[in-house]
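Below: start_32.txt (compact mmCIF, C-alpha atoms)
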# COMPACT_ATOMS: atom_id res chain seq x y z
CA MET N 272 37.89 -32.55 41.80
CA VAL N 273 38.69 -29.20 43.39
CA LYS N 274 40.07 -27.95 40.11
CA GLN N 275 36.85 -28.83 38.25
CA ASN N 276 34.71 -26.99 40.82
CA SER N 277 36.92 -23.94 40.46
CA ILE N 278 36.27 -23.87 36.71
CA ILE N 279 32.50 -24.15 37.26
CA PHE N 280 32.65 -21.32 39.80
CA LEU N 281 34.56 -19.06 37.42
CA LEU N 282 32.11 -19.42 34.53
CA PRO N 283 29.45 -17.07 36.00
CA LEU N 284 32.14 -14.51 36.74
CA LEU N 285 33.36 -14.69 33.16
CA PHE N 286 29.80 -14.24 31.89
CA ILE N 287 29.29 -11.17 34.07
CA PHE N 288 32.60 -9.73 32.90
CA PHE N 289 31.78 -10.14 29.22
CA PHE N 290 28.24 -8.85 29.73
CA LYS N 291 29.47 -5.69 31.43
CA SER N 292 32.16 -5.26 28.81
CA SER N 293 29.60 -5.37 25.99
CA ILE N 294 27.53 -2.68 27.69
CA ALA N 295 30.53 -0.47 28.27
CA ALA N 296 31.58 -0.85 24.65
CA SER N 297 28.51 0.99 23.32
CA ILE N 298 29.01 4.70 22.66
CA THR N 299 26.71 7.73 22.37
CA TYR N 300 27.20 10.75 20.11
CA ASN N 301 25.22 13.82 21.19
CA VAL N 302 24.56 16.04 18.19
CA VAL N 303 24.74 19.17 20.38
CA SER N 304 28.29 18.26 21.40
CA LEU N 305 29.10 18.12 17.69
CA GLY N 306 27.75 21.59 16.98
CA ALA N 307 23.99 21.22 16.52
CA LYS N 308 21.84 24.14 17.72
CA ALA N 309 18.43 23.53 19.31
CA ASP N 310 17.03 26.91 18.22
CA GLY N 311 15.13 25.77 15.10
CA LYS N 312 16.97 28.37 13.00
CA SER N 313 20.61 27.28 12.71
CA ASP N 314 21.24 24.52 10.16
CA SER N 315 22.41 21.49 12.14
CA SER N 316 22.93 19.18 9.15
CA LYS N 317 26.73 19.08 9.49
CA ALA N 318 26.55 18.05 13.14
CA PHE N 319 24.14 15.21 12.34
CA LEU N 320 26.37 13.98 9.52
CA SER N 321 29.39 14.14 11.82
CA ALA N 322 27.55 11.99 14.34
CA TRP N 323 26.65 9.55 11.57
CA ALA N 324 30.24 9.32 10.35
CA ALA N 325 31.48 8.65 13.88
CA ALA N 326 28.81 6.00 14.50
CA CYS N 327 29.58 4.30 11.18
CA GLY N 328 33.26 4.18 12.06
CA SER N 329 32.63 2.49 15.39
CA ALA N 330 33.05 -1.25 15.68
CA ASN N 331 30.58 -1.32 18.58
CA PRO N 332 26.90 -0.40 18.90
CA ALA N 333 26.41 3.36 18.63
CA THR N 334 23.65 5.78 19.57
CA ILE N 335 23.12 9.17 17.97
CA TYR N 336 21.28 11.23 20.57
CA VAL N 337 19.10 14.24 19.77
CA PRO N 338 18.08 16.05 22.97
CA ASN N 339 15.04 18.27 23.50
CA GLY N 340 14.75 21.29 21.24
CA ARG N 341 14.09 22.10 17.60
CA PHE N 342 16.87 21.23 15.16
CA LEU N 343 16.77 22.66 11.65
CA LEU N 344 17.94 20.25 8.94
CA GLY N 345 18.24 20.80 5.22
CA ASN N 346 18.39 17.92 2.76
CA ILE N 347 20.34 15.22 4.53
CA THR N 348 21.33 11.70 3.47
CA PHE N 349 22.64 9.05 5.84
CA ALA N 350 24.49 6.79 3.43
CA GLY N 351 25.36 3.25 4.36
CA GLN N 352 27.66 2.20 1.53
CA MET N 353 30.79 2.94 3.57
CA CYS N 354 29.24 2.37 7.00
CA LYS N 355 30.90 -0.46 8.94
CA ASN N 356 28.41 -0.45 11.80
CA THR N 357 25.16 -2.42 11.61
CA ARG N 358 23.92 -1.40 15.09
CA ILE N 359 23.17 2.31 15.00
CA THR N 360 20.30 3.85 16.97
CA PHE N 361 18.89 7.35 16.61
CA ARG N 362 17.34 8.25 19.97
CA ILE N 363 15.39 11.44 19.48
CA ASP N 364 13.85 13.49 22.27
CA GLY N 365 13.61 16.66 20.20
CA THR N 366 12.03 17.81 16.94
CA LEU N 367 13.71 17.85 13.53
CA VAL N 368 12.49 20.83 11.51
CA ALA N 369 12.49 21.29 7.73
CA PRO N 370 13.25 24.71 6.19
CA SER N 371 10.23 27.04 6.28
CA ASN N 372 10.89 28.03 2.64
CA TYR N 373 9.52 25.05 0.73
CA ASN N 374 11.73 25.81 -2.29
CA VAL N 375 14.83 24.80 -0.31
CA ILE N 376 13.93 21.09 -0.33
CA GLY N 377 10.78 21.05 -2.48
CA ASN N 378 12.38 19.50 -5.57
CA SER N 379 14.81 17.19 -3.79
CA GLY N 380 12.58 14.14 -3.47
CA ASN N 381 13.42 13.58 0.19
CA TRP N 382 14.10 15.70 3.21
CA ILE N 383 15.72 13.03 5.43
CA LYS N 384 17.02 9.99 3.59
CA PHE N 385 18.60 6.70 4.64
CA GLN N 386 20.26 4.94 1.72
CA ARG N 387 21.65 1.37 1.79
CA VAL N 388 21.85 1.10 5.57
CA THR N 389 21.59 -2.02 7.73
CA GLY N 390 20.52 -2.34 11.34
CA VAL N 391 19.36 1.25 11.92
CA SER N 392 16.76 2.04 14.60
CA ILE N 393 14.93 5.37 14.95
CA LEU N 394 13.38 5.74 18.39
CA GLY N 395 11.01 8.56 19.31
CA GLY N 396 11.18 12.13 18.14
CA THR N 397 9.14 14.38 15.87
CA LEU N 398 9.62 15.36 12.23
CA ASP N 399 8.09 18.72 11.30
CA GLY N 400 7.99 19.04 7.52
CA GLN N 401 6.50 22.56 7.63
CA GLY N 402 4.54 21.80 4.48
CA THR N 403 1.54 24.09 4.95
CA ASN N 404 2.79 26.85 2.64
CA LEU N 405 3.49 24.35 -0.13
CA TRP N 406 0.00 22.86 0.24
CA SER N 407 -1.47 26.35 -0.19
CA CYS N 408 0.62 26.84 -3.30
CA LYS N 409 -0.55 23.56 -4.79
CA ASN N 410 -4.19 24.13 -3.90
CA SER N 411 -4.09 27.55 -5.56
CA GLY N 412 -3.09 26.00 -8.88
CA LYS N 413 0.22 27.83 -9.06
CA ASN N 414 3.47 26.36 -10.38
CA CYS N 415 4.95 24.75 -7.25
CA PRO N 416 7.61 22.18 -6.39
CA ASN N 417 6.45 18.58 -6.03
CA GLY N 418 7.47 18.57 -2.39
CA ALA N 419 9.80 16.35 -0.39
CA THR N 420 9.06 13.13 1.45
CA SER N 421 9.92 13.70 5.12
CA LEU N 422 11.60 10.34 5.76
CA GLY N 423 12.79 8.08 2.96
CA ILE N 424 14.39 4.71 3.65
CA TYR N 425 15.81 3.06 0.54
CA ASN N 426 17.55 -0.22 -0.27
CA SER N 427 17.99 -0.98 3.41
CA ASN N 428 17.71 -3.98 5.72
CA ASN N 429 16.71 -4.63 9.35
CA ILE N 430 15.14 -1.25 10.06
CA VAL N 431 13.14 -0.26 13.16
CA VAL N 432 11.08 2.93 13.49
CA ASN N 433 9.44 3.12 16.91
CA GLY N 434 7.45 5.97 18.44
CA LEU N 435 8.15 8.52 15.71
CA THR N 436 5.76 11.44 15.07
CA SER N 437 5.61 13.05 11.64
CA LEU N 438 3.81 16.36 11.13
CA ASN N 439 2.91 18.39 8.03
CA SER N 440 5.09 16.69 5.46
CA GLN N 441 5.41 18.45 2.11
CA MET N 442 4.54 15.18 0.37
CA PHE N 443 4.74 11.58 1.69
CA HIS N 444 5.55 11.30 5.37
CA ILE N 445 7.45 7.98 5.29
CA ASP N 446 8.60 6.07 2.21
CA ILE N 447 9.90 2.49 2.51
CA TYR N 448 11.45 1.55 -0.83
CA ALA N 449 13.30 -1.66 -1.77
CA CYS N 450 13.79 -2.64 1.86
CA ARG N 451 13.83 -5.97 3.68
CA ASN N 452 12.80 -6.57 7.29
CA ALA N 453 11.43 -3.19 8.36
CA LYS N 454 9.25 -2.70 11.43
CA LEU N 455 7.33 0.51 12.05
CA GLN N 456 5.32 0.75 15.25
CA GLY N 457 3.79 3.41 17.45
CA THR N 458 3.99 6.05 14.72
CA LYS N 459 1.78 9.14 14.74
CA ILE N 460 1.35 10.86 11.40
CA MET N 461 -0.72 14.02 11.00
CA ALA N 462 -1.47 16.54 8.29
CA ALA N 463 -4.53 18.61 7.41
CA GLY N 464 -7.29 17.13 5.28
CA ASN N 465 -6.52 19.56 2.44
CA SER N 466 -2.84 18.58 2.24
CA PRO N 467 -2.28 17.02 -1.22
CA ASN N 468 -0.27 13.82 -1.71
CA THR N 469 0.68 13.54 1.95
CA ASP N 470 0.42 9.74 2.15
CA GLY N 471 1.23 8.56 5.66
CA ILE N 472 3.37 5.51 4.86
CA HIS N 473 4.20 4.35 1.34
CA VAL N 474 5.73 0.90 0.80
CA GLN N 475 7.17 -0.26 -2.53
CA LEU N 476 9.40 -3.08 -3.79
CA SER N 477 9.88 -4.29 -0.22
CA THR N 478 9.49 -7.54 1.67
CA SER N 479 8.80 -8.46 5.30
CA VAL N 480 7.51 -5.06 6.38
CA SER N 481 5.24 -4.67 9.43
CA ILE N 482 3.30 -1.54 10.40
CA LEU N 483 1.78 -1.77 13.87
CA ASN N 484 -0.10 0.24 16.49
CA SER N 485 -0.10 3.54 14.61
CA GLN N 486 -2.34 6.58 14.14
CA ILE N 487 -2.46 8.20 10.72
CA SER N 488 -4.55 11.14 9.54
CA THR N 489 -3.42 13.01 6.42
CA GLY N 490 -4.76 14.58 3.25
CA ASP N 491 -4.24 11.41 1.25
CA ASP N 492 -3.83 7.67 1.86
CA CYS N 493 -2.99 6.50 5.35
CA ILE N 494 -0.96 3.63 3.91
CA SER N 495 -0.29 3.20 0.20
CA ILE N 496 1.09 -0.07 -1.11
CA GLY N 497 2.92 0.23 -4.40
CA PRO N 498 4.23 -2.46 -6.76
CA GLY N 499 6.58 -5.31 -5.96
CA ASN N 500 5.75 -5.85 -2.28
CA SER N 501 5.48 -9.17 -0.45
CA ASN N 502 4.89 -10.34 3.12
CA LEU N 503 3.38 -7.18 4.57
CA TRP N 504 1.68 -7.23 7.97
CA ILE N 505 -0.45 -4.23 8.93
CA GLU N 506 -2.25 -4.31 12.29
CA ASN N 507 -3.98 -2.03 14.78
CA ILE N 508 -4.06 1.13 12.67
CA ALA N 509 -6.33 4.14 13.23
CA CYS N 510 -6.79 5.67 9.77
CA GLY N 511 -8.30 9.10 9.26
CA LEU N 512 -8.76 9.26 5.50
CA GLY N 513 -8.13 6.31 3.22
CA TRP N 514 -6.17 3.34 2.00
CA ASP N 515 -4.61 2.50 -1.33
CA LEU N 516 -3.44 -0.91 -2.51
CA GLN N 517 -2.23 -0.49 -6.06
CA GLU N 518 0.06 -1.68 -8.82
CA PRO N 519 1.22 -5.19 -9.81
CA GLY N 520 3.27 -7.81 -8.03
CA VAL N 521 1.80 -7.45 -4.55
CA GLN N 522 1.62 -10.73 -2.61
CA ASN N 523 0.77 -11.92 0.89
CA VAL N 524 -0.59 -8.76 2.50
CA THR N 525 -2.43 -9.00 5.82
CA VAL N 526 -4.45 -6.06 7.17
CA LYS N 527 -5.89 -6.66 10.64
CA THR N 528 -7.73 -4.57 13.25
CA VAL N 529 -7.91 -1.28 11.36
CA THR N 530 -10.34 1.57 12.05
CA PHE N 531 -11.27 4.01 9.27
CA LYS N 532 -12.99 7.25 10.26
CA GLY N 533 -14.10 10.10 8.02
CA THR N 534 -12.45 8.63 4.94
CA GLN N 535 -12.70 10.42 1.59
CA ASN N 536 -13.45 7.20 -0.29
CA GLY N 537 -17.12 6.50 0.34
CA ASN N 538 -16.90 2.76 -0.35
CA PRO N 539 -15.63 0.75 2.63
CA ILE N 540 -14.83 -2.19 0.30
CA ILE N 541 -13.66 -1.43 -3.21
CA ILE N 542 -11.62 -2.89 -6.04
CA ASP N 543 -11.41 -0.42 -8.93
CA GLN N 544 -9.40 -1.58 -11.91
CA ASN N 545 -10.90 1.14 -14.10
CA TYR N 546 -9.53 3.95 -11.96
CA CYS N 547 -8.38 6.88 -14.08
CA PRO N 548 -7.21 10.00 -12.22
CA ASN N 549 -9.05 13.07 -13.54
CA ASN N 550 -10.12 10.95 -16.55
CA LYS N 551 -6.93 11.93 -18.38
CA ASN N 552 -4.73 9.74 -20.61
CA CYS N 553 -6.41 6.49 -19.57
CA PRO N 554 -10.21 6.40 -20.15
CA GLY N 555 -11.23 3.05 -21.63
CA GLN N 556 -7.86 1.41 -21.06
CA VAL N 557 -7.96 -2.18 -19.85
CA SER N 558 -6.05 -2.99 -16.69
CA GLY N 559 -3.22 -5.50 -17.09
CA ILE N 560 -3.22 -6.46 -13.40
CA LYS N 561 -4.65 -9.76 -12.22
CA ILE N 562 -6.26 -9.57 -8.77
CA SER N 563 -7.02 -12.80 -6.91
CA ASP N 564 -7.18 -14.50 -3.53
CA ILE N 565 -8.45 -11.62 -1.40
CA MET N 566 -10.50 -12.10 1.76
CA TYR N 567 -12.53 -9.38 3.48
CA GLN N 568 -13.42 -10.70 6.93
CA ASP N 569 -15.18 -9.23 9.97
CA ILE N 570 -15.73 -5.75 8.53
CA HIS N 571 -18.37 -3.56 10.20
CA GLY N 572 -19.35 0.07 9.79
CA THR N 573 -21.10 2.64 7.65
CA SER N 574 -20.66 3.80 4.08
CA ALA N 575 -20.68 7.38 2.81
CA THR N 576 -22.30 6.17 -0.42
CA ALA N 577 -25.24 3.89 -1.16
CA VAL N 578 -22.87 1.37 -2.77
CA ALA N 579 -20.85 0.05 0.15
CA VAL N 580 -19.20 -2.85 -1.70
CA ASN N 581 -17.92 -2.14 -5.21
CA PHE N 582 -15.92 -4.66 -7.24
CA ASP N 583 -15.18 -3.05 -10.62
CA CYS N 584 -12.67 -5.43 -12.17
CA SER N 585 -10.90 -5.67 -15.51
CA LYS N 586 -12.67 -7.26 -18.47
CA LYS N 587 -9.40 -8.71 -19.70
CA TYR N 588 -8.24 -9.98 -16.30
CA PRO N 589 -11.31 -10.51 -14.10
CA CYS N 590 -10.88 -10.70 -10.33
CA SER N 591 -11.05 -14.23 -8.93
CA ASN N 592 -11.44 -15.97 -5.59
CA ILE N 593 -12.67 -12.87 -3.79
CA LYS N 594 -14.23 -13.75 -0.42
CA LEU N 595 -16.62 -11.86 1.84
CA VAL N 596 -16.90 -13.28 5.36
CA ASP N 597 -19.05 -11.68 8.07
CA VAL N 598 -19.47 -8.22 6.56
CA ASN N 599 -22.04 -5.77 7.93
CA LEU N 600 -22.18 -2.34 6.29
CA SER N 601 -25.03 0.17 6.22
CA TYR N 602 -25.76 3.48 4.53
CA LYS N 603 -27.49 6.21 6.54
CA ASP N 604 -29.29 3.62 8.66
CA GLN N 605 -30.55 2.02 5.45
CA THR N 606 -29.69 -1.11 3.54
CA ALA N 607 -26.58 -0.52 1.48
CA GLN N 608 -25.91 -1.94 -1.98
CA ALA N 609 -23.21 -4.09 -3.56
CA SER N 610 -21.97 -3.86 -7.13
CA CYS N 611 -19.96 -6.52 -8.99
CA SER N 612 -18.41 -6.39 -12.44
CA ASN N 613 -16.05 -9.03 -13.86
CA VAL N 614 -15.46 -10.69 -10.50
CA GLY N 615 -15.77 -14.20 -9.14
CA GLY N 616 -15.85 -15.29 -5.55
CA THR N 617 -17.89 -16.43 -2.57
CA SER N 618 -19.52 -15.09 0.57
CA SER N 619 -20.17 -16.73 3.92
CA GLY N 620 -21.57 -15.84 7.31
CA VAL N 621 -23.74 -12.75 7.65
CA VAL N 622 -23.03 -10.46 4.70
CA LYS N 623 -24.75 -7.10 4.39
CA PRO N 624 -25.33 -5.68 1.88
CA SER N 625 -26.38 -8.88 0.12
CA SER N 626 -23.42 -10.25 -1.74
CA CYS N 627 -23.23 -9.91 -5.52
CA LEU N 628 -20.50 -12.52 -5.79
Give the structure from this file in structure tokens form.
Amino acid sequence: MVKQNSIIFLLPLLFIFFFKSSIAASITYNVVSLGAKADGKSDSSKAFLSAWAAACGSANPATIYVPNGRFLLGNITFAGQMCKNTRITFRIDGTLVAPSNYNVIGNSGNWIKFQRVTGVSILGGTLDGQGTNLWSCKNSGKNCPNGATSLGIYNSNNIVVNGLTSLNSQMFHIDIYACRNAKLQGTKIMAAGNSPNTDGIHVQLSTSVSILNSQISTGDDCISIGPGNSNLWIENIACGLGWDLQEPGVQNVTVKTVTFKGTQNGNPIIIDQNYCPNNKNCPGQVSGIKISDIMYQDIHGTSATAVAVNFDCSKKYPCSNIKLVDVNLSYKDQTAQASCSNVGGTSSGVVKPSSCL
């Protein structure tokens, strides 16, 4: 009996020992210790890649720490093909700065890229894309680079981005492409209203992505949803300009508790299957996308145009099962209008303007 009690008494001690051991096993790599300079002028790319290589080689959880200061990075790719570690955290207190000369990264596609990684978390920090000079070039009509996306995450799994700020990206701020299980929350994304193609967050060919509690104000779409996405959850977003849900193969998207303010698109509710940018190469073409099973619920606000609800669907593939539930939209303190073309659906509750479904 004494022996049994001794075993029971030892179990908590063993638990404490293993718990403390697991904490002690984690390791931190400070990029400054590896040669990074916090002056915003010296290229710190090699130091960041050295930290990544060390973290990938660790069998235990690893943190790459970026202290206060401004760290200049050129094009940099954190590749996961040879990375053994699936518990790497970037804890950023400082600011990562892109080259001031937009030609350095302008044709590279991405400034900071994560490729085929698993279990990476990015906590805090600021990305400064320094894109203002490139925007001026584009707006002047000159021959300019396309621009680089500030943060691209590709073919990756189990990703967390928490508390990141992205400023003045050359093009997209964050691109989530072919990923599974990605969670972005507490992001702040800002660029001037005249910044072209600076979508806040673009998601494509991905599944189980959530975007939560974020503030986005750019020169283009706050969140753009490309083809091949499924199981997206978007909630509690403050959007400064607009929203874009486009392309085929998008399923099970929930958008909840979103505020739009000063958006460029005057219609609060719109489906436009006859959209043709600049009326070039596509006027009169029939959309091959079938849109169905969409609910607009509890939407209130004002419209910048007299037509607040505009469903302009494809003649070949009409929209179906579109629902309006408790919608109240006005235009300059007047009754707004609704327009429907090639669409079927229902309305319920109080719906203003009067439903055309």
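We find atom CA of Cys547 of chain N and atom CA of Tyr588 of chain N to be spaced 17.0 Å apart.
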task: Excluding segment 322-333 of chain N and residues on its chain fewer than 2 positions from it, collect all residues at most 12 Å away from it, counting only C-alpha atoms, and give them as number ranges by chain.
output: N: 292-307, 315-320, 335-337, 347-362, 385, 388-392
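Near segment 593-602 of chain N, within a cut-off of 6 Å and counting all atoms listed in the file, sit the residues N:Asp564, N:Ile565, N:Met566, N:Tyr567, N:Gln568, N:Asp569, N:Ile570, N:His571, N:Gly572, N:Thr573, N:Ser574, N:Ala577, N:Ser591, N:Asp604, N:Gln605, N:Thr606, N:Ala607, N:Gly616, N:Thr617, N:Ser618, N:Ser619, N:Gly620, N:Val621, N:Val622, N:Lys623, with same-chain residues fewer than 2 positions away left out.
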task: Enumerate, as JSON, numbers by chain, the protein, DNA and RNA residues whose atoms approach (17.8, -4.6, 1.2) to within 7 Å, taking into account all atoms listed in the file and the coordinate frame of the file.
output: {"N": [426, 427, 428, 449, 450, 451]}
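Taking all atoms listed in the file into account, the residues near (9.6, 18.6, 8.4), no farther than 6 Å, are Val368, Ala369, Leu398, Asp399, Gly400, Gln401, Ser421 and Ser440 of chain N.
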message: Residues within 9 Å of Asn465 of chain N, please, as JSON, numbers by chain. Count all atoms listed in the file; anything in the same chain fewer than 3 positions from it doesn't count.
response: {"N": [406, 407, 410, 462, 489, 490, 491]}
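One distance worth recording is that between atom CA of Asn433 of chain N and atom CA of Gly520 of chain N, which is 27.9 Å.
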field: Closest of N:Asn507, N:Asn613, N:Ser485, N:Asn439 to Ala463 of chain N - atom-to-atom distances counting only C-alpha atoms
entry: N:Asn439
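Using only C-alpha atoms, the contacts of segment 525-536 of chain N at a cut-off of 7 Å, with sequence neighbours closer than 3 positions omitted, comprise Leu503, Trp504, Ile505, Glu506, Asn507, Ile508, Ala509, Cys510, Gly511, Leu512 and Gly513 of chain N.
Atom to atom, atom CA of Pro338 of chain N and atom CA of Lys384 of chain N stand 20.3 Å apart.
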Would you compute the box with edges along x, y and z of the file around segment 496-509 of chain N, including every atom the file lists for it and 5 Å extra on each side, and give its centre and edge lengths in Å to one decimal, as lines of an AutoDock Vina configuration file?
center_x = 0.1
center_y = -3.1
center_z = 4.0
size_x = 22.9
size_y = 24.5
size_z = 31.5
Long-range neighbours of Gln544 of chain N as a VMD selection string, 7 Å cut-off, all atoms listed in the file, 2 positions minimum in chain: chain N and resid 542 546 558 583 to 585
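Taking only C-alpha atoms into account, Pro416 of chain N lies nearest to N:Gly377 out of the set N:Gly377, N:Gly396, N:Pro539, N:Gly434.
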Proximity to Arg341 of chain N - best of N:Thr397, N:Thr478, N:Gln386, N:Asn372, all atoms listed in the file: N:Thr397
- request: Check the smallest atom-to-atom distance from each of N:Ser411, N:Asn502, N:Thr403, N:Ser495 to Ala453 of chain N using all atoms listed in the file, then report the winner.
  value: N:Asn502
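Using only C-alpha atoms, the shortest contact distance between Asn581 of chain N and any of N:Ser563, N:Asn552, N:Asn545, N:Asn417 is found at N:Asn545.
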Could you rebuild segment 481-509 of chain N with N, CA and C atoms and give me the result as a PDB file, in the frame of the given file?
ATOM      1  N   SER N 481       6.384  -4.701   8.524  1.00  0.00           N
ATOM      2  CA  SER N 481       5.240  -4.670   9.430  1.00  0.00           C
ATOM      3  C   SER N 481       5.003  -3.240   9.894  1.00  0.00           C
ATOM      4  N   ILE N 482       3.725  -2.865   9.945  1.00  0.00           N
ATOM      5  CA  ILE N 482       3.300  -1.540  10.400  1.00  0.00           C
ATOM      6  C   ILE N 482       2.265  -1.782  11.492  1.00  0.00           C
ATOM      7  N   LEU N 483       2.578  -1.368  12.715  1.00  0.00           N
ATOM      8  CA  LEU N 483       1.780  -1.770  13.870  1.00  0.00           C
ATOM      9  C   LEU N 483       1.445  -0.574  14.762  1.00  0.00           C
ATOM     10  N   ASN N 484       0.264  -0.646  15.376  1.00  0.00           N
ATOM     11  CA  ASN N 484      -0.100   0.240  16.490  1.00  0.00           C
ATOM     12  C   ASN N 484       0.152   1.711  16.184  1.00  0.00           C
ATOM     13  N   SER N 485      -0.405   2.177  15.070  1.00  0.00           N
ATOM     14  CA  SER N 485      -0.100   3.540  14.610  1.00  0.00           C
ATOM     15  C   SER N 485      -1.376   4.329  14.340  1.00  0.00           C
ATOM     16  N   GLN N 486      -1.242   5.661  14.421  1.00  0.00           N
ATOM     17  CA  GLN N 486      -2.340   6.580  14.140  1.00  0.00           C
ATOM     18  C   GLN N 486      -1.943   7.464  12.975  1.00  0.00           C
ATOM     19  N   ILE N 487      -2.802   7.479  11.940  1.00  0.00           N
ATOM     20  CA  ILE N 487      -2.460   8.200  10.720  1.00  0.00           C
ATOM     21  C   ILE N 487      -3.673   9.001  10.257  1.00  0.00           C
ATOM     22  N   SER N 488      -3.484  10.289  10.073  1.00  0.00           N
ATOM     23  CA  SER N 488      -4.550  11.140   9.540  1.00  0.00           C
ATOM     24  C   SER N 488      -3.897  12.213   8.673  1.00  0.00           C
ATOM     25  N   THR N 489      -4.071  12.106   7.365  1.00  0.00           N
ATOM     26  CA  THR N 489      -3.420  13.010   6.420  1.00  0.00           C
ATOM     27  C   THR N 489      -4.416  13.447   5.346  1.00  0.00           C
ATOM     28  N   GLY N 490      -3.912  14.155   4.344  1.00  0.00           N
ATOM     29  CA  GLY N 490      -4.760  14.580   3.250  1.00  0.00           C
ATOM     30  C   GLY N 490      -4.848  13.574   2.129  1.00  0.00           C
ATOM     31  N   ASP N 491      -4.210  12.437   2.298  1.00  0.00           N
ATOM     32  CA  ASP N 491      -4.240  11.410   1.250  1.00  0.00           C
ATOM     33  C   ASP N 491      -4.317  10.052   1.934  1.00  0.00           C
ATOM     34  N   ASP N 492      -3.722   9.027   1.325  1.00  0.00           N
ATOM     35  CA  ASP N 492      -3.830   7.670   1.860  1.00  0.00           C
ATOM     36  C   ASP N 492      -3.080   7.530   3.177  1.00  0.00           C
ATOM     37  N   CYS N 493      -3.690   6.819   4.114  1.00  0.00           N
ATOM     38  CA  CYS N 493      -2.990   6.500   5.350  1.00  0.00           C
ATOM     39  C   CYS N 493      -1.779   5.617   5.051  1.00  0.00           C
ATOM     40  N   ILE N 494      -2.026   4.534   4.335  1.00  0.00           N
ATOM     41  CA  ILE N 494      -0.960   3.630   3.910  1.00  0.00           C
ATOM     42  C   ILE N 494      -1.186   3.305   2.450  1.00  0.00           C
ATOM     43  N   SER N 495      -0.202   3.541   1.616  1.00  0.00           N
ATOM     44  CA  SER N 495      -0.290   3.200   0.200  1.00  0.00           C
ATOM     45  C   SER N 495       0.727   2.111  -0.107  1.00  0.00           C
ATOM     46  N   ILE N 496       0.257   1.101  -0.819  1.00  0.00           N
ATOM     47  CA  ILE N 496       1.090  -0.070  -1.110  1.00  0.00           C
ATOM     48  C   ILE N 496       1.329  -0.105  -2.613  1.00  0.00           C
ATOM     49  N   GLY N 497       2.555   0.180  -3.004  1.00  0.00           N
ATOM     50  CA  GLY N 497       2.920   0.230  -4.400  1.00  0.00           C
ATOM     51  C   GLY N 497       3.302  -1.134  -4.942  1.00  0.00           C
ATOM     52  N   PRO N 498       3.908  -1.187  -6.117  1.00  0.00           N
ATOM     53  CA  PRO N 498       4.230  -2.460  -6.760  1.00  0.00           C
ATOM     54  C   PRO N 498       5.389  -3.187  -6.103  1.00  0.00           C
ATOM     55  N   GLY N 499       5.420  -4.512  -6.307  1.00  0.00           N
ATOM     56  CA  GLY N 499       6.580  -5.310  -5.960  1.00  0.00           C
ATOM     57  C   GLY N 499       6.747  -5.625  -4.484  1.00  0.00           C
ATOM     58  N   ASN N 500       5.656  -5.552  -3.706  1.00  0.00           N
ATOM     59  CA  ASN N 500       5.750  -5.850  -2.280  1.00  0.00           C
ATOM     60  C   ASN N 500       5.337  -7.285  -1.971  1.00  0.00           C
ATOM     61  N   SER N 501       5.897  -7.846  -0.915  1.00  0.00           N
ATOM     62  CA  SER N 501       5.480  -9.170  -0.450  1.00  0.00           C
ATOM     63  C   SER N 501       5.662  -9.255   1.058  1.00  0.00           C
ATOM     64  N   ASN N 502       4.809 -10.075   1.677  1.00  0.00           N
ATOM     65  CA  ASN N 502       4.890 -10.340   3.120  1.00  0.00           C
ATOM     66  C   ASN N 502       4.789  -9.053   3.940  1.00  0.00           C
ATOM     67  N   LEU N 503       3.661  -8.373   3.781  1.00  0.00           N
ATOM     68  CA  LEU N 503       3.380  -7.180   4.570  1.00  0.00           C
ATOM     69  C   LEU N 503       2.365  -7.514   5.649  1.00  0.00           C
ATOM     70  N   TRP N 504       2.607  -7.022   6.863  1.00  0.00           N
ATOM     71  CA  TRP N 504       1.680  -7.230   7.970  1.00  0.00           C
ATOM     72  C   TRP N 504       1.327  -5.866   8.535  1.00  0.00           C
ATOM     73  N   ILE N 505       0.034  -5.529   8.496  1.00  0.00           N
ATOM     74  CA  ILE N 505      -0.450  -4.230   8.930  1.00  0.00           C
ATOM     75  C   ILE N 505      -1.531  -4.468   9.982  1.00  0.00           C
ATOM     76  N   GLU N 506      -1.321  -3.972  11.208  1.00  0.00           N
ATOM     77  CA  GLU N 506      -2.250  -4.310  12.290  1.00  0.00           C
ATOM     78  C   GLU N 506      -2.393  -3.159  13.278  1.00  0.00           C
ATOM     79  N   ASN N 507      -3.634  -3.011  13.748  1.00  0.00           N
ATOM     80  CA  ASN N 507      -3.980  -2.030  14.780  1.00  0.00           C
ATOM     81  C   ASN N 507      -3.625  -0.616  14.329  1.00  0.00           C
ATOM     82  N   ILE N 508      -4.290  -0.190  13.249  1.00  0.00           N
ATOM     83  CA  ILE N 508      -4.060   1.130  12.670  1.00  0.00           C
ATOM     84  C   ILE N 508      -5.339   1.951  12.783  1.00  0.00           C
ATOM     85  N   ALA N 509      -5.220   3.179  13.252  1.00  0.00           N
ATOM     86  CA  ALA N 509      -6.330   4.140  13.230  1.00  0.00           C
ATOM     87  C   ALA N 509      -6.093   5.061  12.040  1.00  0.00           C
TER      88      ALA N 509
END
